[in-house]
Amino acid sequence: DTNAGGSVAGFIYQIYYYLYRLLTIGVDEVVSLEKFEDVGVEKDNSKTYYQLKHTSKSTESKVERMRDRDTDLWKTLSMWVDKIKEGRDEDEQKAWIAESDFVLLSNKSTEDNTFFNKVNAFQTDGKWEELKSYIEEQAAKGSKDDAEEEENIEEKKKTIRTYTNNVNDYPLLKEFLLKVRPEFKSD
């Protein structure tokens, strides 16, 4: 498949969101493109990491739903976990998490996404055990699920199971998930 329409649309989506952030910039904020994340916002000693995921399946009349085992979801979480751990001891990771926010921004709806519903419940009501159990279930799902949901042949070795296990095994998962949120922006 040599059609680059999907990746071009994703890049344009990223540029549009960057321009949107520039047009709505707050006092003392710095907005960046591809500096430390797809789009980043820095203010004082804090950073917001915007990882953008775009699908061409969403249209004005039908918005694609982010599935519970969506590659975009689990790959993003796993990537953030790796970025936090990179060369840092646990105290440095805690400090890094404390001064950061992580936003998975997509034109896929997360309204009915079980993971984000459980994250929201955890962030508002402290329901950690429900969220932790859900993540453990996702990490334990077998390879038949991975084969069904594999979206990119080049990523064969890094399946959803690999991503969910990486997230599930992170010792500071509780602290990290307090700082994660979805954001929906249509095209």
# chains A, B, ... in the order shown; residues from 1 in each chain; ligands from 1
>>> residues_around(residues="A:Thr114", least_positions_apart="3", cutoff="7 Å", atoms="only C-alpha atoms", output="VMD selection string")
chain A and resid 68 117 to 118
>>> residues_around(residues="A:Ile97", least_positions_apart="6", cutoff="10 Å", atoms="only C-alpha atoms", output="number ranges by chain")
A: 46-47, 81, 84, 91, 172, 175-179
>>> write_last_selection(atoms="C-alpha atoms", output="PDB file, in the first residue's frame")
ATOM      1  CA  SER A  46       5.270  21.986  34.228  1.00  0.00           C
ATOM      2  CA  LYS A  47       4.811  20.320  30.865  1.00  0.00           C
ATOM      3  CA  VAL A  81       6.028   4.929  30.685  1.00  0.00           C
ATOM      4  CA  ILE A  84       9.411   8.544  32.224  1.00  0.00           C
ATOM      5  CA  ASP A  91      12.466   9.567  42.975  1.00  0.00           C
ATOM      6  CA  LEU A 172       4.593   4.129  39.594  1.00  0.00           C
ATOM      7  CA  GLU A 175       0.945   8.156  40.216  1.00  0.00           C
ATOM      8  CA  PHE A 176       1.228   8.180  36.417  1.00  0.00           C
ATOM      9  CA  LEU A 177      -2.466   7.474  35.770  1.00  0.00           C
ATOM     10  CA  LEU A 178      -3.467  10.366  38.009  1.00  0.00           C
ATOM     11  CA  LYS A 179      -1.905  12.585  35.326  1.00  0.00           C
TER      12      LYS A 179
END
>>> residues_around(residues="A:Leu33", least_positions_apart="3", cutoff="9 Å", atoms="only C-alpha atoms", output="short mmCIF file (atom, residue, chain, number, x, y, z; two decimals) with N, CA and C atoms, in the first residue's frame")
data_model
loop_
_atom_site.label_atom_id
_atom_site.label_comp_id
_atom_site.auth_asym_id
_atom_site.auth_seq_id
_atom_site.Cartn_x
_atom_site.Cartn_y
_atom_site.Cartn_z
N GLN A 14 -2.14 17.11 13.35
CA GLN A 14 -1.15 17.55 14.34
C GLN A 14 -0.83 19.04 14.15
N ILE A 15 -0.62 19.46 12.91
CA ILE A 15 -0.32 20.87 12.62
C ILE A 15 -1.50 21.76 13.02
N TYR A 18 -1.60 22.12 16.74
CA TYR A 18 -0.51 23.02 17.14
C TYR A 18 -0.93 24.48 16.91
N PHE A 36 9.27 17.88 22.53
CA PHE A 36 9.34 16.78 23.48
C PHE A 36 8.13 15.87 23.37
N GLU A 37 7.20 16.23 22.50
CA GLU A 37 6.02 15.42 22.21
C GLU A 37 5.43 15.96 20.92
N ASP A 38 4.39 15.28 20.40
CA ASP A 38 3.77 15.77 19.17
C ASP A 38 3.50 17.26 19.30
N VAL A 39 2.76 17.63 20.34
CA VAL A 39 2.55 19.03 20.71
C VAL A 39 2.82 19.10 22.21
N GLY A 40 3.56 20.10 22.61
CA GLY A 40 3.87 20.26 24.03
C GLY A 40 3.53 21.66 24.49
#
>>> closest_residue(among="A:Lys53, A:Lys132, A:Arg69, A:Lys83", to="A:Ser186", atoms="only C-alpha atoms")
A:Lys53
>>> select_by_dssp(residues="stretch 21-160 of chain A", states="strand (DSSP E or B)", output="PyMOL selection string")
chain A and resi 29-33+39-43+46-53+65+100-106+109
>>> closest_residue(among="A:Tyr17, A:Thr48, A:Phe11, A:Leu173", to="A:Lys94", atoms="only C-alpha atoms")
A:Leu173
>>> residues_around(residues="stretch 98-105 of chain A", least_positions_apart="2", cutoff="6 Å", atoms="only C-alpha atoms", output="list in words")
Ser46, Lys47, Thr48, Tyr49, Tyr50, Gln51, Leu52, Ala95, Trp96, Lys179, Val180, Arg181, Pro182, Glu183 and Phe184 of chain A
>>> write_last_selection(atoms="N, CA and C atoms", output="PDB file, in the first residue's frame")
ATOM      1  N   SER A  46       6.075  23.142  34.620  1.00  0.00           N
ATOM      2  CA  SER A  46       5.270  21.986  34.228  1.00  0.00           C
ATOM      3  C   SER A  46       5.202  21.853  32.712  1.00  0.00           C
ATOM      4  N   LYS A  47       4.956  20.611  32.292  1.00  0.00           N
ATOM      5  CA  LYS A  47       4.811  20.320  30.865  1.00  0.00           C
ATOM      6  C   LYS A  47       3.561  19.481  30.655  1.00  0.00           C
ATOM      7  N   THR A  48       2.886  19.735  29.548  1.00  0.00           N
ATOM      8  CA  THR A  48       1.778  18.888  29.125  1.00  0.00           C
ATOM      9  C   THR A  48       2.190  18.246  27.817  1.00  0.00           C
ATOM     10  N   TYR A  49       2.134  16.921  27.807  1.00  0.00           N
ATOM     11  CA  TYR A  49       2.533  16.113  26.662  1.00  0.00           C
ATOM     12  C   TYR A  49       1.274  15.732  25.897  1.00  0.00           C
ATOM     13  N   TYR A  50       1.117  16.253  24.691  1.00  0.00           N
ATOM     14  CA  TYR A  50      -0.023  15.923  23.840  1.00  0.00           C
ATOM     15  C   TYR A  50       0.429  14.931  22.778  1.00  0.00           C
ATOM     16  N   GLN A  51      -0.007  13.694  22.897  1.00  0.00           N
ATOM     17  CA  GLN A  51       0.241  12.674  21.887  1.00  0.00           C
ATOM     18  C   GLN A  51      -1.018  12.632  21.025  1.00  0.00           C
ATOM     19  N   LEU A  52      -0.899  12.920  19.729  1.00  0.00           N
ATOM     20  CA  LEU A  52      -2.048  12.991  18.842  1.00  0.00           C
ATOM     21  C   LEU A  52      -2.185  11.717  18.028  1.00  0.00           C
ATOM     22  N   ALA A  95       9.150  12.838  40.598  1.00  0.00           N
ATOM     23  CA  ALA A  95       9.223  14.287  40.392  1.00  0.00           C
ATOM     24  C   ALA A  95       8.807  14.656  38.974  1.00  0.00           C
ATOM     25  N   TRP A  96       9.247  13.856  38.003  1.00  0.00           N
ATOM     26  CA  TRP A  96       8.926  14.104  36.597  1.00  0.00           C
ATOM     27  C   TRP A  96       7.420  13.981  36.365  1.00  0.00           C
ATOM     28  N   LYS A 179      -2.276  11.467  36.186  1.00  0.00           N
ATOM     29  CA  LYS A 179      -1.905  12.585  35.326  1.00  0.00           C
ATOM     30  C   LYS A 179      -2.264  12.371  33.848  1.00  0.00           C
ATOM     31  N   VAL A 180      -3.009  11.302  33.548  1.00  0.00           N
ATOM     32  CA  VAL A 180      -3.363  10.950  32.168  1.00  0.00           C
ATOM     33  C   VAL A 180      -4.826  11.295  31.901  1.00  0.00           C
ATOM     34  N   ARG A 181      -5.081  11.859  30.722  1.00  0.00           N
ATOM     35  CA  ARG A 181      -6.478  12.112  30.342  1.00  0.00           C
ATOM     36  C   ARG A 181      -6.627  12.064  28.819  1.00  0.00           C
ATOM     37  N   PRO A 182      -7.829  11.740  28.379  1.00  0.00           N
ATOM     38  CA  PRO A 182      -8.091  11.798  26.940  1.00  0.00           C
ATOM     39  C   PRO A 182      -8.653  13.170  26.563  1.00  0.00           C
ATOM     40  N   GLU A 183      -8.512  13.501  25.308  1.00  0.00           N
ATOM     41  CA  GLU A 183      -9.152  14.709  24.798  1.00  0.00           C
ATOM     42  C   GLU A 183      -9.597  14.398  23.373  1.00  0.00           C
ATOM     43  N   PHE A 184     -10.818  14.756  23.075  1.00  0.00           N
ATOM     44  CA  PHE A 184     -11.382  14.523  21.745  1.00  0.00           C
ATOM     45  C   PHE A 184     -11.390  15.836  20.975  1.00  0.00           C
TER      46      PHE A 184
END
>>> residues_around(residues="stretch 165-168 of chain A", least_positions_apart="3", cutoff="8 Å", atoms="only C-alpha atoms", output="list in words")
Trp74, Leu77, Ser78, Val81, Lys132, Ile135, Glu136, Ala139, Ala140, Arg161, Thr162 and Leu173 of chain A
>>> write_last_selection(atoms="all heavy atoms", output="JSON list (two decimals), in the first residue's frame")
[["chain", "number", "residue", "atom", "x", "y", "z"],
["A", 74, "TRP", "N", -2.83, 1.91, 23.97],
["A", 74, "TRP", "CA", -1.84, 1.18, 24.76],
["A", 74, "TRP", "C", -0.40, 1.49, 24.33],
["A", 74, "TRP", "O", 0.51, 1.52, 25.16],
["A", 74, "TRP", "CB", -2.14, -0.31, 24.73],
["A", 74, "TRP", "CG", -3.44, -0.57, 25.43],
["A", 74, "TRP", "CD1", -4.65, -0.83, 24.85],
["A", 74, "TRP", "CD2", -3.68, -0.52, 26.83],
["A", 74, "TRP", "NE1", -5.63, -0.95, 25.80],
["A", 74, "TRP", "CE2", -5.06, -0.78, 27.04],
["A", 74, "TRP", "CE3", -2.88, -0.30, 27.95],
["A", 74, "TRP", "CZ2", -5.64, -0.81, 28.30],
["A", 74, "TRP", "CZ3", -3.46, -0.34, 29.21],
["A", 74, "TRP", "CH2", -4.82, -0.59, 29.38],
["A", 77, "LEU", "N", 0.41, 4.90, 26.02],
["A", 77, "LEU", "CA", 0.68, 4.75, 27.45],
["A", 77, "LEU", "C", 2.04, 4.10, 27.68],
["A", 77, "LEU", "O", 2.82, 4.54, 28.54],
["A", 77, "LEU", "CB", -0.42, 3.91, 28.11],
["A", 77, "LEU", "CG", -1.80, 4.54, 28.16],
["A", 77, "LEU", "CD1", -2.84, 3.50, 28.59],
["A", 77, "LEU", "CD2", -1.82, 5.75, 29.08],
["A", 78, "SER", "N", 2.35, 3.06, 26.91],
["A", 78, "SER", "CA", 3.62, 2.35, 27.04],
["A", 78, "SER", "C", 4.79, 3.27, 26.69],
["A", 78, "SER", "O", 5.82, 3.27, 27.38],
["A", 78, "SER", "CB", 3.62, 1.12, 26.13],
["A", 78, "SER", "OG", 4.82, 0.41, 26.24],
["A", 81, "VAL", "N", 5.37, 5.64, 29.58],
["A", 81, "VAL", "CA", 6.03, 4.93, 30.69],
["A", 81, "VAL", "C", 7.52, 4.81, 30.39],
["A", 81, "VAL", "O", 8.36, 5.09, 31.26],
["A", 81, "VAL", "CB", 5.38, 3.54, 30.92],
["A", 81, "VAL", "CG1", 6.27, 2.65, 31.77],
["A", 81, "VAL", "CG2", 4.01, 3.70, 31.56],
["A", 132, "LYS", "N", -6.77, -1.00, 38.32],
["A", 132, "LYS", "CA", -5.62, -1.92, 38.31],
["A", 132, "LYS", "C", -6.05, -3.29, 37.82],
["A", 132, "LYS", "O", -5.36, -3.91, 37.00],
["A", 132, "LYS", "CB", -5.01, -2.00, 39.72],
["A", 132, "LYS", "CG", -3.79, -2.89, 39.79],
["A", 132, "LYS", "CD", -2.64, -2.38, 38.95],
["A", 132, "LYS", "CE", -1.40, -3.22, 39.19],
["A", 132, "LYS", "NZ", -0.52, -3.27, 38.05],
["A", 135, "ILE", "N", -6.48, -3.22, 34.03],
["A", 135, "ILE", "CA", -5.20, -3.22, 33.32],
["A", 135, "ILE", "C", -4.57, -4.60, 33.37],
["A", 135, "ILE", "O", -4.03, -5.08, 32.37],
["A", 135, "ILE", "CB", -4.26, -2.13, 33.89],
["A", 135, "ILE", "CG1", -4.84, -0.75, 33.60],
["A", 135, "ILE", "CG2", -2.86, -2.26, 33.29],
["A", 135, "ILE", "CD1", -4.16, 0.38, 34.33],
["A", 136, "GLU", "N", -4.64, -5.26, 34.50],
["A", 136, "GLU", "CA", -4.11, -6.63, 34.62],
["A", 136, "GLU", "C", -4.82, -7.57, 33.66],
["A", 136, "GLU", "O", -4.19, -8.42, 33.03],
["A", 136, "GLU", "CB", -4.23, -7.12, 36.06],
["A", 136, "GLU", "CG", -3.26, -6.46, 37.00],
["A", 136, "GLU", "CD", -3.53, -6.74, 38.48],
["A", 136, "GLU", "OE1", -4.57, -7.38, 38.81],
["A", 136, "GLU", "OE2", -2.70, -6.32, 39.30],
["A", 139, "ALA", "N", -3.52, -6.93, 30.19],
["A", 139, "ALA", "CA", -2.16, -7.46, 30.03],
["A", 139, "ALA", "C", -2.16, -8.98, 29.91],
["A", 139, "ALA", "O", -1.29, -9.55, 29.27],
["A", 139, "ALA", "CB", -1.29, -7.03, 31.22],
["A", 140, "ALA", "N", -3.17, -9.63, 30.51],
["A", 140, "ALA", "CA", -3.22, -11.10, 30.50],
["A", 140, "ALA", "C", -3.87, -11.67, 29.25],
["A", 140, "ALA", "O", -3.79, -12.88, 29.01],
["A", 140, "ALA", "CB", -3.97, -11.59, 31.74],
["A", 161, "ARG", "N", -0.36, -6.70, 23.61],
["A", 161, "ARG", "CA", 0.00, -7.41, 24.84],
["A", 161, "ARG", "C", 1.32, -6.88, 25.40],
["A", 161, "ARG", "O", 1.47, -6.69, 26.61],
["A", 161, "ARG", "CB", 0.09, -8.91, 24.59],
["A", 161, "ARG", "CG", 0.31, -9.68, 25.86],
["A", 161, "ARG", "CD", 0.18, -11.15, 25.64],
["A", 161, "ARG", "NE", 0.23, -11.82, 26.93],
["A", 161, "ARG", "CZ", 0.18, -13.10, 27.08],
["A", 161, "ARG", "NH1", 0.05, -13.89, 26.03],
["A", 161, "ARG", "NH2", 0.24, -13.63, 28.27],
["A", 162, "THR", "N", 2.28, -6.62, 24.56],
["A", 162, "THR", "CA", 3.56, -6.06, 24.99],
["A", 162, "THR", "C", 3.33, -4.69, 25.65],
["A", 162, "THR", "O", 3.87, -4.40, 26.72],
["A", 162, "THR", "CB", 4.52, -5.90, 23.80],
["A", 162, "THR", "OG1", 4.70, -7.18, 23.19],
["A", 162, "THR", "CG2", 5.86, -5.35, 24.23],
["A", 173, "LEU", "N", 2.67, 3.26, 38.43],
["A", 173, "LEU", "CA", 1.48, 3.34, 37.57],
["A", 173, "LEU", "C", 0.38, 4.20, 38.20],
["A", 173, "LEU", "O", -0.25, 5.00, 37.52],
["A", 173, "LEU", "CB", 0.95, 1.93, 37.28],
["A", 173, "LEU", "CG", -0.23, 1.84, 36.33],
["A", 173, "LEU", "CD1", 0.13, 2.43, 34.96],
["A", 173, "LEU", "CD2", -0.68, 0.39, 36.18]]
>>> select_by_dssp(residues="stretch 16-153 of chain A", states="helix (DSSP H, G or I)", output="ChimeraX atom specification")
/A:16-23,71-85,90-98,114-125,128-140,143-149,153
>>> closest_residue(among="A:Ser32, A:Thr71, A:Thr159, A:Asn120", to="A:Thr55", atoms="only C-alpha atoms")
A:Thr71
>>> decode(residues="stretch 105-121 of chain A", atoms="all heavy atoms", output="PDB file, in the first residue's frame")
ATOM      1  N   LEU A 105      -4.737  12.854  22.685  1.00  0.00           N
ATOM      2  CA  LEU A 105      -5.689  13.652  21.924  1.00  0.00           C
ATOM      3  C   LEU A 105      -5.969  12.945  20.610  1.00  0.00           C
ATOM      4  O   LEU A 105      -5.038  12.572  19.904  1.00  0.00           O
ATOM      5  CB  LEU A 105      -5.093  15.040  21.664  1.00  0.00           C
ATOM      6  CG  LEU A 105      -6.074  16.029  21.066  1.00  0.00           C
ATOM      7  CD1 LEU A 105      -6.006  17.331  21.844  1.00  0.00           C
ATOM      8  CD2 LEU A 105      -5.774  16.260  19.615  1.00  0.00           C
ATOM      9  N   SER A 106      -7.244  12.754  20.305  1.00  0.00           N
ATOM     10  CA  SER A 106      -7.595  11.993  19.107  1.00  0.00           C
ATOM     11  C   SER A 106      -8.921  12.454  18.528  1.00  0.00           C
ATOM     12  O   SER A 106      -9.732  13.067  19.215  1.00  0.00           O
ATOM     13  CB  SER A 106      -7.693  10.503  19.482  1.00  0.00           C
ATOM     14  OG  SER A 106      -8.007   9.725  18.354  1.00  0.00           O
ATOM     15  N   ASN A 107      -9.119  12.112  17.265  1.00  0.00           N
ATOM     16  CA  ASN A 107     -10.433  12.312  16.656  1.00  0.00           C
ATOM     17  C   ASN A 107     -11.277  11.049  16.817  1.00  0.00           C
ATOM     18  O   ASN A 107     -12.353  10.948  16.256  1.00  0.00           O
ATOM     19  CB  ASN A 107     -10.324  12.730  15.184  1.00  0.00           C
ATOM     20  CG  ASN A 107      -9.762  11.654  14.287  1.00  0.00           C
ATOM     21  OD1 ASN A 107      -9.081  10.723  14.732  1.00  0.00           O
ATOM     22  ND2 ASN A 107     -10.028  11.773  12.996  1.00  0.00           N
ATOM     23  N   LYS A 108     -10.787  10.098  17.615  1.00  0.00           N
ATOM     24  CA  LYS A 108     -11.566   8.933  18.024  1.00  0.00           C
ATOM     25  C   LYS A 108     -12.226   9.272  19.356  1.00  0.00           C
ATOM     26  O   LYS A 108     -11.576   9.815  20.252  1.00  0.00           O
ATOM     27  CB  LYS A 108     -10.681   7.703  18.242  1.00  0.00           C
ATOM     28  CG  LYS A 108     -10.009   7.154  17.018  1.00  0.00           C
ATOM     29  CD  LYS A 108      -9.183   5.947  17.412  1.00  0.00           C
ATOM     30  CE  LYS A 108      -8.364   5.393  16.281  1.00  0.00           C
ATOM     31  NZ  LYS A 108      -7.552   4.237  16.705  1.00  0.00           N
ATOM     32  N   SER A 109     -13.476   8.929  19.500  1.00  0.00           N
ATOM     33  CA  SER A 109     -14.191   9.197  20.740  1.00  0.00           C
ATOM     34  C   SER A 109     -13.744   8.232  21.838  1.00  0.00           C
ATOM     35  O   SER A 109     -13.637   7.029  21.618  1.00  0.00           O
ATOM     36  CB  SER A 109     -15.700   9.035  20.515  1.00  0.00           C
ATOM     37  OG  SER A 109     -16.377   9.063  21.754  1.00  0.00           O
ATOM     38  N   THR A 110     -13.504   8.756  23.029  1.00  0.00           N
ATOM     39  CA  THR A 110     -13.171   7.917  24.185  1.00  0.00           C
ATOM     40  C   THR A 110     -14.341   7.839  25.161  1.00  0.00           C
ATOM     41  O   THR A 110     -14.203   7.317  26.260  1.00  0.00           O
ATOM     42  CB  THR A 110     -11.930   8.464  24.921  1.00  0.00           C
ATOM     43  OG1 THR A 110     -12.184   9.811  25.320  1.00  0.00           O
ATOM     44  CG2 THR A 110     -10.693   8.396  24.039  1.00  0.00           C
ATOM     45  N   GLU A 111     -15.487   8.339  24.726  1.00  0.00           N
ATOM     46  CA  GLU A 111     -16.669   8.405  25.597  1.00  0.00           C
ATOM     47  C   GLU A 111     -17.034   7.046  26.184  1.00  0.00           C
ATOM     48  O   GLU A 111     -17.357   6.944  27.360  1.00  0.00           O
ATOM     49  CB  GLU A 111     -17.848   8.966  24.798  1.00  0.00           C
ATOM     50  CG  GLU A 111     -19.065   9.236  25.630  1.00  0.00           C
ATOM     51  CD  GLU A 111     -20.159   9.881  24.800  1.00  0.00           C
ATOM     52  OE1 GLU A 111     -19.846  10.770  23.989  1.00  0.00           O
ATOM     53  OE2 GLU A 111     -21.314   9.471  24.969  1.00  0.00           O
ATOM     54  N   ASP A 112     -17.013   5.990  25.393  1.00  0.00           N
ATOM     55  CA  ASP A 112     -17.381   4.654  25.867  1.00  0.00           C
ATOM     56  C   ASP A 112     -16.170   3.760  26.102  1.00  0.00           C
ATOM     57  O   ASP A 112     -16.310   2.542  26.201  1.00  0.00           O
ATOM     58  CB  ASP A 112     -18.308   3.973  24.844  1.00  0.00           C
ATOM     59  CG  ASP A 112     -19.627   4.709  24.696  1.00  0.00           C
ATOM     60  OD1 ASP A 112     -20.119   5.243  25.703  1.00  0.00           O
ATOM     61  OD2 ASP A 112     -20.157   4.761  23.574  1.00  0.00           O
ATOM     62  N   ASN A 113     -15.003   4.331  26.222  1.00  0.00           N
ATOM     63  CA  ASN A 113     -13.787   3.552  26.416  1.00  0.00           C
ATOM     64  C   ASN A 113     -13.669   3.140  27.879  1.00  0.00           C
ATOM     65  O   ASN A 113     -13.615   3.993  28.773  1.00  0.00           O
ATOM     66  CB  ASN A 113     -12.568   4.369  25.983  1.00  0.00           C
ATOM     67  CG  ASN A 113     -11.284   3.605  26.103  1.00  0.00           C
ATOM     68  OD1 ASN A 113     -10.726   3.524  27.187  1.00  0.00           O
ATOM     69  ND2 ASN A 113     -10.819   3.049  24.999  1.00  0.00           N
ATOM     70  N   THR A 114     -13.630   1.844  28.139  1.00  0.00           N
ATOM     71  CA  THR A 114     -13.594   1.313  29.497  1.00  0.00           C
ATOM     72  C   THR A 114     -12.380   1.822  30.271  1.00  0.00           C
ATOM     73  O   THR A 114     -12.498   2.216  31.434  1.00  0.00           O
ATOM     74  CB  THR A 114     -13.598  -0.232  29.477  1.00  0.00           C
ATOM     75  OG1 THR A 114     -14.736  -0.673  28.732  1.00  0.00           O
ATOM     76  CG2 THR A 114     -13.645  -0.806  30.876  1.00  0.00           C
ATOM     77  N   PHE A 115     -11.207   1.805  29.632  1.00  0.00           N
ATOM     78  CA  PHE A 115      -9.997   2.262  30.314  1.00  0.00           C
ATOM     79  C   PHE A 115     -10.161   3.691  30.809  1.00  0.00           C
ATOM     80  O   PHE A 115      -9.931   3.984  31.983  1.00  0.00           O
ATOM     81  CB  PHE A 115      -8.778   2.151  29.392  1.00  0.00           C
ATOM     82  CG  PHE A 115      -7.554   2.787  29.968  1.00  0.00           C
ATOM     83  CD1 PHE A 115      -6.822   2.147  30.959  1.00  0.00           C
ATOM     84  CD2 PHE A 115      -7.142   4.038  29.541  1.00  0.00           C
ATOM     85  CE1 PHE A 115      -5.693   2.749  31.519  1.00  0.00           C
ATOM     86  CE2 PHE A 115      -6.025   4.642  30.090  1.00  0.00           C
ATOM     87  CZ  PHE A 115      -5.298   3.998  31.070  1.00  0.00           C
ATOM     88  N   PHE A 116     -10.549   4.611  29.929  1.00  0.00           N
ATOM     89  CA  PHE A 116     -10.653   6.008  30.335  1.00  0.00           C
ATOM     90  C   PHE A 116     -11.796   6.239  31.327  1.00  0.00           C
ATOM     91  O   PHE A 116     -11.693   7.109  32.197  1.00  0.00           O
ATOM     92  CB  PHE A 116     -10.753   6.934  29.124  1.00  0.00           C
ATOM     93  CG  PHE A 116      -9.418   7.176  28.483  1.00  0.00           C
ATOM     94  CD1 PHE A 116      -9.183   6.819  27.176  1.00  0.00           C
ATOM     95  CD2 PHE A 116      -8.381   7.760  29.199  1.00  0.00           C
ATOM     96  CE1 PHE A 116      -7.943   7.039  26.586  1.00  0.00           C
ATOM     97  CE2 PHE A 116      -7.136   7.985  28.619  1.00  0.00           C
ATOM     98  CZ  PHE A 116      -6.922   7.623  27.312  1.00  0.00           C
ATOM     99  N   ASN A 117     -12.866   5.456  31.241  1.00  0.00           N
ATOM    100  CA  ASN A 117     -13.927   5.557  32.248  1.00  0.00           C
ATOM    101  C   ASN A 117     -13.401   5.155  33.622  1.00  0.00           C
ATOM    102  O   ASN A 117     -13.709   5.783  34.636  1.00  0.00           O
ATOM    103  CB  ASN A 117     -15.134   4.706  31.854  1.00  0.00           C
ATOM    104  CG  ASN A 117     -15.886   5.300  30.675  1.00  0.00           C
ATOM    105  OD1 ASN A 117     -15.782   6.490  30.379  1.00  0.00           O
ATOM    106  ND2 ASN A 117     -16.643   4.470  29.989  1.00  0.00           N
ATOM    107  N   LYS A 118     -12.587   4.105  33.655  1.00  0.00           N
ATOM    108  CA  LYS A 118     -12.002   3.654  34.927  1.00  0.00           C
ATOM    109  C   LYS A 118     -10.930   4.630  35.423  1.00  0.00           C
ATOM    110  O   LYS A 118     -10.796   4.850  36.628  1.00  0.00           O
ATOM    111  CB  LYS A 118     -11.462   2.237  34.798  1.00  0.00           C
ATOM    112  CG  LYS A 118     -12.588   1.204  34.645  1.00  0.00           C
ATOM    113  CD  LYS A 118     -12.072  -0.203  34.658  1.00  0.00           C
ATOM    114  CE  LYS A 118     -13.187  -1.209  34.465  1.00  0.00           C
ATOM    115  NZ  LYS A 118     -14.186  -1.215  35.530  1.00  0.00           N
ATOM    116  N   VAL A 119     -10.166   5.225  34.515  1.00  0.00           N
ATOM    117  CA  VAL A 119      -9.192   6.248  34.908  1.00  0.00           C
ATOM    118  C   VAL A 119      -9.924   7.429  35.531  1.00  0.00           C
ATOM    119  O   VAL A 119      -9.521   7.948  36.575  1.00  0.00           O
ATOM    120  CB  VAL A 119      -8.322   6.697  33.705  1.00  0.00           C
ATOM    121  CG1 VAL A 119      -7.561   7.987  34.023  1.00  0.00           C
ATOM    122  CG2 VAL A 119      -7.350   5.603  33.304  1.00  0.00           C
ATOM    123  N   ASN A 120     -11.006   7.848  34.903  1.00  0.00           N
ATOM    124  CA  ASN A 120     -11.779   8.968  35.424  1.00  0.00           C
ATOM    125  C   ASN A 120     -12.324   8.647  36.821  1.00  0.00           C
ATOM    126  O   ASN A 120     -12.275   9.486  37.723  1.00  0.00           O
ATOM    127  CB  ASN A 120     -12.919   9.329  34.465  1.00  0.00           C
ATOM    128  CG  ASN A 120     -13.653  10.567  34.915  1.00  0.00           C
ATOM    129  OD1 ASN A 120     -13.039  11.576  35.243  1.00  0.00           O
ATOM    130  ND2 ASN A 120     -14.967  10.489  34.944  1.00  0.00           N
ATOM    131  N   ALA A 121     -12.847   7.430  37.011  1.00  0.00           N
ATOM    132  CA  ALA A 121     -13.354   7.025  38.323  1.00  0.00           C
ATOM    133  C   ALA A 121     -12.233   7.027  39.362  1.00  0.00           C
ATOM    134  O   ALA A 121     -12.426   7.451  40.505  1.00  0.00           O
ATOM    135  CB  ALA A 121     -14.009   5.646  38.248  1.00  0.00           C
TER     136      ALA A 121
END
